[in-house]
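Structure, as structure tokens:
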Amino acid sequence: MRRRRTSNGDTRKQGQNRLSIPFNNIENDFLTEEEKEYLLGEDEKGKKRFLEVEVVQPSLEVETVKLCRWDMPKKSGKTSSTYVIRGSWNAVVKSNKLRFNGTVQLWGFRVDRELCLALVKVPRNRAAA
């Protein structure tokens, strides 16, 4: 997908428990058309749908997280859209010692047609490259 700096909301111990992936940070499409359509819908209780996705962490541990889409209307009438990894994101932050303003890359790949993600922690001396 793309390299990005982590925000305070991505790495806080308490609170948001999520990693946001704004659409403008995505270099290569990683979802199928069917997955995109699915994420636009709601379940029978009216809640936004999500995909359960395995994330291979820098520690090489695998964590199952929820990938969902958030659409946020702006005052201008436009919509800002982002994918969000949530669920057990705080466990990923803790086990990999992710910090505010650190740089990470998120890569999408498939195993038997199932979406998986790989999180890469970019060393500080390479983050500016």
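Quick note on naming: the chains in the structure tokens go A, B, ... in the order shown, residues restart at 1 in each chain, and ligands are numbered from 1 in order of appearance.
All residues of protein, DNA or RNA that reach within 8 Å of A:Lys66, judged by only C-alpha atoms and not counting those fewer than 2 positions away in the chain, are A:Phe50, A:Leu51, A:Glu52, A:Val53, A:Thr64, A:Cys68, A:Val84, A:Ile85, A:Arg86, A:Gly87, A:Ser88.
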Write out, as a short mmCIF file (atom, residue, chain, number, x, y, z; two decimals), in the first residue's frame, the residues just selected, with N, CA and C atoms.
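New file out17.cif:
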data_model
loop_
_atom_site.label_atom_id
_atom_site.label_comp_id
_atom_site.auth_asym_id
_atom_site.auth_seq_id
_atom_site.Cartn_x
_atom_site.Cartn_y
_atom_site.Cartn_z
N PHE A 50 -17.23 -5.47 8.13
CA PHE A 50 -15.77 -5.51 8.18
C PHE A 50 -15.29 -6.85 7.65
N LEU A 51 -14.03 -6.89 7.27
CA LEU A 51 -13.37 -8.13 6.88
C LEU A 51 -12.41 -8.52 7.99
N GLU A 52 -12.40 -9.78 8.36
CA GLU A 52 -11.36 -10.26 9.29
C GLU A 52 -10.14 -10.60 8.45
N VAL A 53 -9.02 -9.99 8.81
CA VAL A 53 -7.79 -10.10 8.03
C VAL A 53 -6.65 -10.45 8.97
N THR A 64 -5.20 -11.44 14.05
CA THR A 64 -6.39 -11.23 13.26
C THR A 64 -7.02 -9.91 13.67
N CYS A 68 -12.20 -2.23 8.05
CA CYS A 68 -13.47 -1.64 7.66
C CYS A 68 -13.22 -0.34 6.91
N VAL A 84 -9.81 1.34 7.87
CA VAL A 84 -9.38 1.35 9.26
C VAL A 84 -9.14 -0.09 9.70
N ILE A 85 -7.98 -0.31 10.32
CA ILE A 85 -7.70 -1.59 10.97
C ILE A 85 -8.03 -1.39 12.44
N ARG A 86 -8.89 -2.22 12.95
CA ARG A 86 -9.30 -2.10 14.34
C ARG A 86 -9.44 -3.49 14.95
N GLY A 87 -10.01 -3.56 16.11
CA GLY A 87 -10.15 -4.85 16.80
C GLY A 87 -9.02 -5.02 17.78
N SER A 88 -8.00 -5.72 17.37
CA SER A 88 -6.86 -5.96 18.27
C SER A 88 -5.63 -5.16 17.84
#
| Within 7 Å of stretch 117-119 of chain A, counting only C-alpha atoms, which residues qualify if same-chain residues fewer than 3 places away don't, as a list of chain:residue names? | A:Glu54, A:Val55, A:Val56, A:Gln57, A:Pro58, A:Val104, A:Gln105, A:Leu106, A:Trp107, A:Gly108, A:Phe109
Print the selection's residues with N, CA and C atoms to a file, as an mmCIF file, in the first residue's frame.
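And here's out-v8.cif as it stands now:
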data_model
loop_
_atom_site.group_PDB
_atom_site.id
_atom_site.type_symbol
_atom_site.label_atom_id
_atom_site.label_comp_id
_atom_site.auth_asym_id
_atom_site.auth_seq_id
_atom_site.Cartn_x
_atom_site.Cartn_y
_atom_site.Cartn_z
ATOM 1 N N GLU A 54 -5.767 -11.334 8.518
ATOM 2 C CA GLU A 54 -4.573 -11.647 9.309
ATOM 3 C C GLU A 54 -3.461 -10.668 8.942
ATOM 4 N N VAL A 55 -2.801 -10.154 9.972
ATOM 5 C CA VAL A 55 -1.675 -9.233 9.792
ATOM 6 C C VAL A 55 -0.409 -9.933 10.277
ATOM 7 N N VAL A 56 0.560 -10.032 9.384
ATOM 8 C CA VAL A 56 1.886 -10.520 9.766
ATOM 9 C C VAL A 56 2.645 -9.300 10.265
ATOM 10 N N GLN A 57 3.054 -9.359 11.512
ATOM 11 C CA GLN A 57 3.680 -8.218 12.169
ATOM 12 C C GLN A 57 5.203 -8.251 12.001
ATOM 13 N N PRO A 58 5.870 -7.141 12.285
ATOM 14 C CA PRO A 58 7.334 -7.143 12.251
ATOM 15 C C PRO A 58 7.934 -8.213 13.171
ATOM 16 N N VAL A 104 5.656 3.272 9.147
ATOM 17 C CA VAL A 104 5.308 1.883 8.858
ATOM 18 C C VAL A 104 4.894 1.766 7.396
ATOM 19 N N GLN A 105 5.034 0.574 6.882
ATOM 20 C CA GLN A 105 4.496 0.215 5.574
ATOM 21 C C GLN A 105 3.491 -0.901 5.794
ATOM 22 N N LEU A 106 2.442 -0.899 5.011
ATOM 23 C CA LEU A 106 1.447 -1.955 5.079
ATOM 24 C C LEU A 106 1.310 -2.529 3.681
ATOM 25 N N TRP A 107 1.545 -3.840 3.571
ATOM 26 C CA TRP A 107 1.505 -4.520 2.281
ATOM 27 C C TRP A 107 0.355 -5.511 2.272
ATOM 28 N N GLY A 108 -0.381 -5.545 1.180
ATOM 29 C CA GLY A 108 -1.443 -6.523 1.020
ATOM 30 C C GLY A 108 -0.967 -7.670 0.152
ATOM 31 N N PHE A 109 -1.368 -8.876 0.507
ATOM 32 C CA PHE A 109 -1.071 -10.060 -0.308
ATOM 33 C C PHE A 109 -2.184 -11.067 -0.084
#
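The spacing separating atom CA of A:Trp70 from atom CA of A:Thr82 amounts to 5.4 Å.
With only C-alpha atoms as the basis for measurement, A:Ser59 is the residue among A:Ser59, A:Glu34, A:Ile21, A:Ser80 that approaches A:Val93 most closely.
Of the residues listed (A:Ala91, A:Leu67, A:Val111, A:Leu39), A:Ala91 shows the shortest atom-to-atom separation from A:Asn17; distances use only C-alpha atoms.
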